[in-house]
file run.cif (mmCIF, C-alpha atoms)
data_target
loop_
_atom_site.label_atom_id
_atom_site.label_comp_id
_atom_site.auth_asym_id
_atom_site.auth_seq_id
_atom_site.Cartn_x
_atom_site.Cartn_y
_atom_site.Cartn_z
CA MET A 143 98.53 74.21 103.80
CA GLN A 144 97.63 77.27 101.73
CA LYS A 145 99.56 78.07 98.57
CA ILE A 146 99.45 80.94 96.11
CA ARG A 147 101.50 81.81 93.04
CA GLN A 148 103.27 85.12 92.58
CA ALA A 149 101.22 87.89 91.00
CA HIS A 150 102.68 89.17 87.75
CA GLY A 151 101.23 92.02 85.70
CA ASN A 152 98.86 94.83 86.60
CA TRP A 153 96.10 92.76 88.25
CA VAL A 154 95.21 89.29 89.43
CA SER A 155 92.04 87.29 89.95
CA GLY A 156 91.09 83.75 90.84
CA PRO A 157 91.96 81.53 93.82
CA GLU A 158 95.53 80.81 92.69
CA ARG A 159 96.67 84.42 92.94
CA PHE A 160 94.05 86.64 94.60
CA TRP A 161 94.64 86.93 98.34
CA GLY A 162 93.23 88.45 101.48
CA ARG A 163 90.31 90.68 100.51
CA GLU A 164 87.27 88.54 101.33
CA THR A 165 85.64 91.09 103.64
CA GLU A 166 86.25 93.93 101.20
CA LEU A 167 84.92 91.86 98.30
CA ALA A 168 81.75 90.97 100.19
CA ASN A 169 81.08 94.62 101.04
CA PHE A 170 81.95 95.77 97.53
CA CYS A 171 79.52 93.32 95.92
CA ARG A 172 76.84 94.12 98.49
CA TYR A 173 77.01 97.82 97.64
CA LEU A 174 76.64 96.99 93.95
CA ASP A 175 73.62 94.81 94.71
CA GLU A 176 72.13 97.72 96.63
CA GLY A 177 72.50 99.95 93.57
CA ALA A 178 75.41 102.09 94.75
CA ASN A 179 77.81 103.91 92.44
CA LEU A 180 81.27 103.62 93.97
CA LEU A 181 84.43 105.70 94.17
CA LEU A 182 87.17 103.17 94.95
CA VAL A 183 89.81 105.02 96.98
CA ALA A 184 93.29 103.68 97.74
CA GLN A 185 96.93 104.54 97.31
CA ARG A 186 98.98 102.97 94.56
CA ARG A 187 99.59 99.23 94.41
CA MET A 188 96.86 98.50 96.97
CA GLY A 189 95.08 96.16 94.56
CA LYS A 190 92.21 98.30 93.26
CA THR A 191 92.17 96.80 89.77
CA SER A 192 92.54 93.28 91.17
CA LEU A 193 89.59 93.87 93.50
CA MET A 194 87.45 95.03 90.58
CA ARG A 195 88.50 92.11 88.37
CA GLU A 196 87.87 89.54 91.09
CA ALA A 197 84.51 91.14 91.91
CA ALA A 198 83.58 90.98 88.22
CA ARG A 199 84.55 87.29 88.10
CA ARG A 200 82.34 86.51 91.09
CA ILE A 201 79.26 88.48 89.97
CA ASP A 202 79.49 87.52 86.30
CA ASN A 203 76.29 85.45 86.40
CA ASP A 204 74.22 88.35 87.70
CA TYR A 205 75.76 91.37 85.96
CA LEU A 206 77.21 92.35 82.63
CA CYS A 207 80.66 93.72 83.50
CA LEU A 208 82.55 96.21 81.35
CA HIS A 209 86.14 97.26 82.10
CA LEU A 210 87.59 100.56 80.91
CA ASP A 211 91.15 101.71 81.51
CA VAL A 212 91.18 105.37 80.52
CA GLN A 213 94.79 106.22 81.40
CA ASN A 214 95.55 106.82 77.71
CA CYS A 215 92.50 109.05 77.21
CA SER A 216 92.83 112.83 77.07
CA THR A 217 89.31 113.99 76.15
CA ALA A 218 85.66 113.07 76.59
CA GLU A 219 85.69 111.85 72.99
CA ASP A 220 88.49 109.40 73.86
CA PHE A 221 86.40 108.14 76.76
CA VAL A 222 83.35 107.52 74.57
CA ALA A 223 85.45 105.61 72.02
CA GLU A 224 86.97 103.51 74.83
CA LEU A 225 83.52 102.78 76.25
CA GLY A 226 82.32 101.66 72.84
CA ILE A 227 85.25 99.29 72.37
CA ALA A 228 84.74 97.83 75.88
CA THR A 229 81.38 96.41 74.78
CA ASN A 230 83.24 94.09 72.40
CA ALA A 231 83.43 91.57 75.27
CA HIS A 232 79.69 90.91 74.89
CA ALA A 233 78.53 89.91 71.40
CA SER A 234 74.92 91.16 71.49
CA LEU A 235 75.91 94.50 73.01
CA TRP A 236 78.80 94.87 70.57
CA HIS A 237 76.36 94.47 67.69
CA ARG A 238 74.27 97.36 69.07
CA THR A 239 77.38 99.46 69.65
CA LYS A 240 78.41 99.13 66.02
CA ALA A 241 74.94 100.28 65.03
CA VAL A 242 75.25 103.37 67.25
CA PHE A 243 78.51 104.36 65.56
CA SER A 244 77.75 103.07 62.08
CA ASN A 245 77.24 106.55 60.61
CA VAL A 246 80.54 107.68 62.11
CA VAL A 247 82.42 104.72 60.65
CA ASP A 248 80.56 104.79 57.34
CA SER A 249 81.58 108.42 56.92
CA ALA A 250 85.08 107.05 56.45
CA ARG A 251 83.64 105.04 53.51
CA ARG A 252 84.47 101.74 55.10
CA SER A 253 82.10 99.24 56.65
CA VAL A 254 82.45 98.74 60.38
CA GLU A 255 82.48 94.99 59.71
CA THR A 256 85.79 95.26 57.79
CA LEU A 257 87.74 97.06 60.50
CA GLN A 258 89.93 95.77 63.33
CA LEU A 259 89.12 96.88 66.90
CA SER A 260 91.98 99.38 66.96
CA GLU A 261 90.81 100.85 63.67
CA ILE A 262 87.22 101.11 64.89
CA LYS A 263 88.34 103.01 68.00
CA ILE A 264 90.42 105.45 65.95
CA THR A 265 87.58 105.95 63.47
CA ILE A 266 84.99 106.50 66.20
CA ARG A 267 87.29 108.99 67.93
CA ALA A 268 87.89 110.88 64.69
CA GLY A 269 84.15 111.08 64.05
CA LEU A 270 83.29 112.45 67.46
CA VAL A 271 83.56 116.21 67.69
CA ALA A 272 82.98 118.32 70.74
CA ALA A 273 79.46 119.17 69.60
CA ASN A 274 78.14 115.60 69.46
CA TRP A 275 80.10 113.34 71.82
CA GLU A 276 77.32 113.58 74.43
CA SER A 277 74.57 112.48 72.05
CA LYS A 278 76.53 109.42 70.92
CA ALA A 279 77.49 108.62 74.51
CA ASP A 280 73.83 108.91 75.54
CA GLU A 281 72.83 106.46 72.79
CA LEU A 282 75.53 104.01 73.82
CA LEU A 283 74.62 104.10 77.52
CA GLN A 284 70.96 103.62 76.63
CA GLU A 285 71.88 100.46 74.71
CA ILE A 286 73.87 99.26 77.72
CA ALA A 287 70.92 100.01 80.01
CA ASN A 288 68.60 98.04 77.71
CA GLN A 289 70.44 94.76 78.34
CA ASP A 290 68.67 91.96 80.21
CA LYS A 291 71.20 92.13 83.04
CA ALA A 292 72.19 95.18 85.03
CA THR A 293 75.66 96.42 84.04
CA VAL A 294 78.67 97.39 86.13
CA LEU A 295 81.04 99.86 84.46
CA PHE A 296 84.49 99.53 86.06
CA ILE A 297 86.34 102.70 85.01
CA ASP A 298 90.02 102.79 86.00
CA GLU A 299 92.39 105.79 86.01
CA VAL A 300 89.63 108.42 85.85
CA PRO A 301 91.77 111.06 87.63
CA ILE A 302 94.39 110.87 84.86
CA LEU A 303 91.72 111.55 82.24
CA VAL A 304 90.22 114.43 84.24
CA GLY A 305 93.68 115.88 84.82
CA ARG A 306 94.43 115.86 81.10
CA ILE A 307 91.12 117.54 80.38
CA LEU A 308 91.97 120.25 82.91
CA TRP A 309 95.53 120.74 81.66
CA GLN A 310 94.64 121.17 78.00
CA GLN A 311 97.53 123.45 77.18
CA ASP A 312 101.00 123.76 78.70
CA SER A 313 101.04 123.13 82.46
CA ALA A 314 98.37 125.58 83.57
CA ILE A 315 94.72 124.84 84.26
CA SER A 316 92.68 126.99 81.88
CA SER A 317 89.09 128.15 82.16
CA GLU A 318 88.40 126.09 79.03
CA GLY A 319 89.86 123.03 80.74
CA ILE A 320 87.69 123.56 83.82
CA GLN A 321 84.60 123.96 81.64
CA ALA A 322 85.43 120.78 79.71
CA ALA A 323 86.05 118.81 82.93
CA ASP A 324 82.81 120.16 84.42
CA ARG A 325 80.91 119.16 81.28
CA PHE A 326 82.34 115.62 81.31
CA MET A 327 81.91 114.99 85.06
CA SER A 328 78.42 116.51 85.07
CA TRP A 329 77.45 114.25 82.18
CA LEU A 330 78.83 111.21 84.00
CA ARG A 331 76.92 112.15 87.16
CA SER A 332 73.65 112.72 85.29
CA LYS A 333 73.92 109.37 83.48
CA ALA A 334 74.57 107.55 86.77
CA LEU A 335 71.38 109.06 88.15
CA GLN A 336 69.38 108.46 84.97
CA HIS A 337 70.33 104.77 84.72
CA ALA A 338 70.39 104.07 88.46
CA ASN A 339 68.44 100.82 88.14
CA GLN A 340 70.41 99.33 85.24
CA ILE A 341 73.99 100.65 85.41
CA ARG A 342 76.42 100.83 88.35
CA PHE A 343 79.47 103.07 87.94
CA VAL A 344 82.73 102.23 89.73
CA LEU A 345 85.38 104.95 89.39
CA THR A 346 88.94 104.63 90.58
CA GLY A 347 92.50 105.66 89.87
CA SER A 348 96.08 105.57 91.11
CA ILE A 349 95.81 109.19 92.17
CA GLY A 350 92.96 110.80 94.05
CA LEU A 351 89.99 112.13 92.09
CA GLU A 352 88.51 114.11 94.99
CA PRO A 353 91.53 116.41 95.62
CA LEU A 354 91.83 117.07 91.90
CA LEU A 355 88.18 118.14 91.58
CA ARG A 356 88.28 120.09 94.84
CA ARG A 357 91.13 122.12 93.45
CA VAL A 358 88.86 123.50 90.70
CA ASN A 359 85.66 123.59 92.81
CA LEU A 360 84.05 120.61 91.05
CA SER A 361 83.70 118.29 94.07
CA ALA A 362 79.91 118.25 93.69
CA ALA A 363 80.34 116.20 90.51
CA ILE A 364 81.09 113.08 92.59
CA ASN A 365 78.74 113.57 95.54
CA ASN A 366 76.56 110.76 94.18
CA LEU A 367 79.42 108.25 94.55
CA LYS A 368 79.87 106.21 97.71
CA PRO A 369 83.55 106.20 98.76
CA PHE A 370 84.96 102.70 99.18
CA HIS A 371 88.33 102.77 100.92
CA LEU A 372 90.78 99.93 100.29
CA GLU A 373 93.26 99.81 103.17
CA PRO A 374 96.63 98.02 103.45
CA TRP A 375 96.60 94.41 104.57
CA ASP A 376 96.71 93.87 108.31
CA GLU A 377 99.68 92.00 109.73
CA GLN A 378 98.01 88.59 109.78
CA THR A 379 96.92 88.86 106.13
CA ALA A 380 100.43 89.86 105.06
CA LEU A 381 101.94 87.03 107.12
CA GLY A 382 99.52 84.57 105.56
CA CYS A 383 100.47 85.74 102.08
CA LEU A 384 104.19 85.27 102.71
CA ARG A 385 103.59 81.79 104.14
CA ALA A 386 101.39 80.78 101.20
CA LEU A 387 103.98 82.03 98.71
CA ALA A 388 106.77 80.20 100.56
CA ASN A 389 104.68 77.01 100.55
CA TYR A 390 104.08 77.20 96.81
CA TYR A 391 107.74 77.85 95.96
CA GLU A 392 109.06 75.45 98.61
CA ILE A 393 111.30 77.73 100.59
CA ARG A 394 111.33 78.05 104.38
CA LEU A 395 110.39 81.41 105.87
CA SER A 396 110.13 81.34 109.64
CA GLU A 397 107.57 83.44 111.52
CA GLU A 398 110.42 85.65 112.74
CA ILE A 399 111.68 86.24 109.19
CA CYS A 400 108.19 87.02 107.88
CA LEU A 401 107.65 89.56 110.67
CA ALA A 402 111.04 91.14 109.94
CA MET A 403 110.05 91.57 106.27
CA ILE A 404 106.69 93.11 107.18
CA ARG A 405 108.25 95.55 109.65
CA ARG A 406 110.84 96.55 107.08
CA LEU A 407 108.03 97.53 104.71
CA GLY A 408 106.17 99.42 107.42
CA CYS A 409 102.91 99.34 105.47
CA ASN A 410 101.45 96.14 104.04
CA ILE A 411 100.73 97.31 100.52
CA PRO A 412 99.94 94.00 98.77
CA HIS A 413 102.18 94.59 95.78
CA HIS A 414 105.13 95.52 97.99
CA VAL A 415 104.70 92.40 100.14
CA GLN A 416 104.77 90.23 97.02
CA MET A 417 107.61 92.22 95.45
CA TYR A 418 109.74 91.67 98.57
CA PHE A 419 109.04 87.92 98.49
CA SER A 420 109.90 87.78 94.79
CA HIS A 421 113.35 89.29 95.40
CA VAL A 422 113.93 86.99 98.39
CA TYR A 423 112.95 83.93 96.36
CA GLU A 424 115.23 84.89 93.46
CA SER A 425 118.11 85.38 95.90
CA CYS A 426 117.48 81.92 97.38
CA LYS A 427 117.54 80.40 93.90
CA ARG A 428 120.82 82.13 93.01
CA ARG A 429 122.40 80.78 96.19
CA SER A 430 120.80 77.33 95.78
CA ILE A 431 119.29 77.43 99.25
CA THR A 432 115.76 76.77 100.52
CA VAL A 433 116.06 78.17 104.07
CA CYS A 434 115.85 81.94 104.26
CA THR A 435 117.88 83.83 106.90
CA ARG A 436 117.49 87.26 108.49
CA GLU A 437 120.74 88.36 106.87
CA LEU A 438 119.39 87.43 103.44
CA VAL A 439 116.12 89.40 103.75
CA ASP A 440 118.02 92.44 105.06
CA ASP A 441 120.49 92.18 102.19
CA VAL A 442 117.65 91.88 99.66
CA TYR A 443 115.93 94.95 101.07
CA GLU A 444 119.05 97.12 100.76
CA LYS A 445 120.36 95.77 97.44
CA TYR A 446 117.17 95.13 95.50
CA MET A 447 114.21 96.96 97.03
CA LEU A 448 116.03 100.30 97.41
CA SER A 449 118.46 100.16 94.51
CA SER A 450 117.96 100.96 90.84
CA ARG A 451 116.55 97.43 90.51
CA GLY A 452 113.54 98.57 92.52
CA HIS A 453 113.30 101.80 90.58
CA ALA A 454 110.87 100.58 87.94
CA GLU A 455 108.43 99.46 90.62
CA LEU A 456 108.60 102.53 92.85
CA SER A 457 109.33 105.34 90.42
CA THR A 458 105.64 105.42 89.51
CA PHE A 459 105.01 107.01 92.92
CA GLU A 460 107.28 109.84 91.82
CA GLU A 461 105.88 110.08 88.31
CA ARG A 462 102.25 110.24 89.47
CA LEU A 463 102.96 113.41 91.44
CA ALA A 464 103.52 115.26 88.18
CA LYS A 465 100.02 114.28 87.08
CA MET A 466 98.40 115.71 90.21
CA ILE A 467 100.53 118.64 91.30
CA ALA A 468 100.96 121.78 89.21
CA GLU A 469 104.42 122.25 87.71
CA ASP A 470 105.18 125.34 89.81
CA CYS A 471 104.50 123.35 93.04
CA LEU A 472 106.26 120.13 92.09
CA PRO A 473 109.73 121.12 93.44
CA PHE A 474 108.07 122.07 96.73
CA ALA A 475 106.33 118.67 96.92
CA PHE A 476 109.63 116.89 96.25
CA ASP A 477 111.36 118.90 98.99
CA LEU A 478 108.57 118.08 101.44
CA LEU A 479 109.00 114.37 100.79
CA THR A 480 112.80 114.51 100.91
CA GLU A 481 112.76 116.49 104.17
CA THR A 482 110.32 113.97 105.69
CA ALA A 483 112.37 110.98 104.50
CA ILE A 484 115.67 112.28 105.89
CA ALA A 485 114.37 113.83 109.13
CA ASP A 486 111.82 111.00 109.68
CA CYS A 487 109.08 113.60 110.07
CA LEU A 488 107.98 116.99 108.76
CA ASP A 489 107.18 119.43 111.55
CA VAL A 490 105.67 122.92 111.42
CA THR A 491 109.05 124.63 111.57
CA ALA A 492 110.37 122.70 108.56
CA LEU A 493 107.12 123.21 106.68
CA LYS A 494 107.29 126.98 107.18
CA ALA A 495 110.94 127.06 106.13
CA LEU A 496 110.29 125.13 102.92
CA ALA A 497 107.20 127.21 102.09
CA ALA A 498 109.27 130.38 102.48
CA GLU A 499 112.06 128.96 100.30
CA HIS A 500 109.55 128.29 97.54
CA ASP A 501 107.84 131.66 98.06
CA LEU A 502 104.51 130.05 98.98
CA ASN A 503 101.93 131.49 101.38
CA LEU A 504 101.38 129.06 104.25
CA GLY A 505 98.54 130.94 105.92
CA ARG A 506 95.72 131.00 103.35
CA PRO A 507 93.26 128.05 103.65
CA GLN A 508 93.32 127.46 99.87
CA SER A 509 97.03 128.07 99.52
CA LYS A 510 99.21 125.94 97.28
CA VAL A 511 100.85 124.56 100.43
CA ARG A 512 97.54 123.21 101.67
CA LEU A 513 96.69 121.75 98.26
CA VAL A 514 100.03 119.92 98.04
CA LEU A 515 99.69 118.52 101.56
CA ASP A 516 96.14 117.39 100.85
CA ILE A 517 97.30 115.48 97.79
CA LEU A 518 100.24 113.87 99.61
CA GLU A 519 97.91 112.78 102.41
CA HIS A 520 95.04 111.63 100.20
CA ASP A 521 97.25 109.56 97.91
CA GLY A 522 99.09 107.79 100.72
CA TYR A 523 102.54 109.37 100.69
CA LEU A 524 102.31 111.11 104.06
CA LYS A 525 100.14 110.83 107.16
CA ARG A 526 99.50 113.51 109.74
CA ARG A 527 100.02 112.89 113.44
CA GLN A 528 99.20 115.94 115.55
CA ASP A 529 101.44 118.67 114.08
CA GLU A 530 103.81 116.41 112.16
CA TYR A 531 103.77 114.43 108.92
CA TYR A 532 105.54 111.14 108.32
CA PHE A 533 105.75 108.52 105.56
CA VAL A 534 103.07 105.85 105.65
CA SER A 535 105.35 103.28 103.97
CA HIS A 536 108.86 102.66 105.30
CA LEU A 537 109.77 101.24 101.91
CA LEU A 538 108.71 104.37 100.08
CA ARG A 539 110.48 106.51 102.69
CA ASP A 540 113.72 104.56 102.40
CA TRP A 541 113.54 104.45 98.60
CA TRP A 542 112.83 108.19 98.40
CA LYS A 543 115.77 108.90 100.70
CA ALA A 544 118.08 106.71 98.58
CA ARG A 545 116.92 108.40 95.38
CA HIS A 546 116.65 112.06 96.43
CA GLY A 547 118.52 112.37 99.72
CA PHE A 548 122.09 112.76 98.41
CA GLY A 549 123.25 116.30 99.10
CA TYR A 550 120.00 117.39 100.70
CA VAL A 551 120.46 119.28 103.98
CA PRO A 552 117.48 119.12 106.39
CA THR A 553 116.08 122.53 107.29
CA GLN A 554 117.08 122.17 110.96
CA GLN A 555 120.75 121.89 110.01
CA ARG A 556 120.89 124.72 107.50
CA GLY A 557 121.41 127.52 109.98
CA ALA A 558 124.40 125.71 111.45
CA ASN A 559 126.05 125.37 108.06
#
call {"tool": "encode", "arguments": {"input": "run.cif", "output": "structure tokens"}}
result
Amino acid sequence: MQKIRQAHGNWVSGPERFWGRETELANFCRYLDEGANLLLVAQRRMGKTSLMREAARRIDNDYLCLHLDVQNCSTAEDFVAELGIATNAHASLWHRTKAVFSNVVDSARRSVETLQLSEIKITIRAGLVAANWESKADELLQEIANQDKATVLFIDEVPILVGRILWQQDSAISSEGIQAADRFMSWLRSKALQHANQIRFVLTGSIGLEPLLRRVNLSAAINNLKPFHLEPWDEQTALGCLRALANYYEIRLSEEICLAMIRRLGCNIPHHVQMYFSHVYESCKRRSITVCTRELVDDVYEKYMLSSRGHAELSTFEERLAKMIAEDCLPFAFDLLTETAIADCLDVTALKALAAEHDLNLGRPQSKVRLVLDILEHDGYLKRRQDEYYFVSHLLRDWWKARHGFGYVPTQQRGAN
């Protein structure tokens, strides 16, 4: 009888919590062994970071693994400082890193040996100016490449960093921002090629990197990366997870109840499957029962998954749009999603009506309408079926409708009003 504990936090690894990605893990590690640099592509909460952490745990004997989360970085200099600090996990490499940045730290008239990690990062960042970040980054990567083991650099939230580089001032993409993003991405590409035998790069993020770069004609910067798509769990994997969770926490979930939960979600995003179970389990505890009913899981879905209690978990889907879509197109994107949630689909007639309302040109291939739709498709909000779009996740659809649907009149009904 399989058992797993609930996953808490941003990522999980190890047999007690990691679930259902054995095929993906095997392929992921095989590509690394073959020398591939990977672009890990998936919508939010699909388990990208967990996959990377579990892969790192399993290949630890053969590779030196470095993890960078660059969501708080805004410049190439921030990235280099973050990369330097990431080497702290490996003593011999950390010693070499401190030597690389010793002149930067010493310029502050303090020995690197006397500083805390947070202080070192701030000092390194302050010492890196636009003219020399590449030279220091080159030195650091050379030290990493000189290690006895090959290294895997797991770099999370790269699209957020690139977006901040592009939007350097206000909400508009400037020519200076494009040049800075081109410089950073070109450097990253050249280093991946230069150190192909000793360093593997794995780039990922909660929003799509490819649509962002395509928007400013920089797609070529990632043509050396092999896309690795992480899909939702299939039904059997999701069922197995619910059973294993129920076994661990000693509550009874029948096959019928598990299927009802999965079909409510509509898309087996791992975090959403576990979030639903967590709310069901807490409801069982409050009622002092161990047998779960259909009425209970339906009640939990309406009261907890869609209410303000689910807001903290799902509002990130809304917040991430602002990081990918220009400010002048954001109201249009919100209307597209609200229309789709309420009408259950977005057809050509509704799309034309909303584009006209927002004074956007639907016909041009590179129009803002096309860019917005590409982002919504790429990042897993909507899926196209013939000439219509619909929500991939029923949960996200229902939550979006509950949050934004009040007072919204679908385009088809507006003429009658």
call {"tool": "resolve_selection", "arguments": {"input": "run.cif", "expression": "the PyMOL selection byres ((chain A and resi 173) around 12)", "output": "VMD selection string"}}
result
chain A and resid 166 to 172 174 to 182 197 294 342 to 344 367 to 370
call {"tool": "atom_distance", "arguments": {"input": "run.cif", "atom1": "CA of Val422 (chain A)", "atom2": "CA of Ala388 (chain A)"}}
result
10.1 Å
call {"tool": "atom_distance", "arguments": {"input": "run.cif", "atom1": "CA of His546 (chain A)", "atom2": "CA of Asp516 (chain A)"}}
result
21.6 Å
call {"tool": "atom_distance", "arguments": {"input": "run.cif", "atom1": "CA of Leu488 (chain A)", "atom2": "CA of Met417 (chain A)"}}
result
28.1 Å
call {"tool": "resolve_selection", "arguments": {"input": "run.cif", "expression": "the PyMOL selection byres ((chain A and resi 554) around 12)", "output": "list in words"}}
result
Glu481, Thr482, Ile484, Ala485, Cys487, Leu488, Asp489, Val490, Thr491, Ala492, Leu493, Lys494, Ala495, Leu496, Tyr550, Val551, Pro552, Thr553, Gln555, Arg556, Gly557, Ala558 and Asn559 of chain A
call {"tool": "residues_around", "arguments": {"input": "run.cif", "residues": "Phe459 (chain A)", "least_positions_apart": "5", "cutoff": "9 Å", "atoms": "all atoms listed in the file", "output": "PyMOL selection string"}}
result
chain A and resi 186+523+538
call {"tool": "resolve_selection", "arguments": {"input": "run.cif", "expression": "the PyMOL selection byres ((chain A and resi 520) around 12)", "output": "number ranges by chain"}}
result
A: 183-186, 348-354, 371, 463, 466, 512-519, 521-526, 534
call {"tool": "closest_residue", "arguments": {"input": "run.cif", "among": "A:Ser430, A:Ser509, A:Cys383, A:Ser316", "to": "His413 (chain A)", "atoms": "all atoms listed in the file"}}
result
A:Cys383
call {"tool": "residues_around", "arguments": {"input": "run.cif", "residues": "Gly547 (chain A)", "least_positions_apart": "4", "cutoff": "8 Å", "atoms": "only C-alpha atoms", "output": "list in words"}}
result
Thr480, Ala483, Ile484, Trp542 and Lys543 of chain A
call {"tool": "write_last_selection", "arguments": {"input": "run.cif", "atoms": "C-alpha atoms", "output": "PDB file, keeping the file's coordinate frame"}}
result
ATOM      1  CA  THR A 480     112.800 114.510 100.910  1.00  0.00           C
ATOM      2  CA  ALA A 483     112.370 110.980 104.500  1.00  0.00           C
ATOM      3  CA  ILE A 484     115.670 112.280 105.890  1.00  0.00           C
ATOM      4  CA  TRP A 542     112.830 108.190  98.400  1.00  0.00           C
ATOM      5  CA  LYS A 543     115.770 108.900 100.700  1.00  0.00           C
TER       6      LYS A 543
END
call {"tool": "closest_residue", "arguments": {"input": "run.cif", "among": "A:Asn203, A:Ser328, A:Asn230, A:Gln340", "to": "Gln284 (chain A)", "atoms": "only C-alpha atoms"}}
result
A:Gln340
call {"tool": "closest_residue", "arguments": {"input": "run.cif", "among": "A:Trp309, A:Trp329, A:Leu345, A:Ala334", "to": "His209 (chain A)", "atoms": "all atoms listed in the file"}}
result
A:Leu345
call {"tool": "closest_residue", "arguments": {"input": "run.cif", "among": "A:Gly269, A:Ala497, A:Lys445, A:Thr346", "to": "Asn245 (chain A)", "atoms": "only C-alpha atoms"}}
result
A:Gly269
call {"tool": "closest_residue", "arguments": {"input": "run.cif", "among": "A:Asp376, A:Asn359, A:Glu281, A:Thr217", "to": "Phe326 (chain A)", "atoms": "all atoms listed in the file"}}
result
A:Thr217
call {"tool": "residues_around", "arguments": {"input": "run.cif", "residues": "Ala287 (chain A)", "least_positions_apart": "4", "cutoff": "9 Å", "atoms": "only C-alpha atoms", "output": "JSON, numbers by chain"}}
result
{"A": [282, 283, 291, 292, 293, 337, 339, 340, 341]}
call {"tool": "residues_around", "arguments": {"input": "run.cif", "residues": "His237 (chain A)", "least_positions_apart": "4", "cutoff": "12 Å", "atoms": "all atoms listed in the file", "output": "list of chain:residue names"}}
result
A:Gly226, A:Ile227, A:Thr229, A:Asn230, A:Ala231, A:His232, A:Ala233, A:Ala241, A:Val242, A:Phe243, A:Ser244, A:Val254, A:Glu255, A:Leu282, A:Glu285, A:Ile286
call {"tool": "residues_around", "arguments": {"input": "run.cif", "residues": "region 158-162 of chain A", "least_positions_apart": "3", "cutoff": "8 Å", "atoms": "all atoms listed in the file", "output": "MDAnalysis selection string"}}
result
chainID A and resid 145:149 154:155 192 196 375 379 383
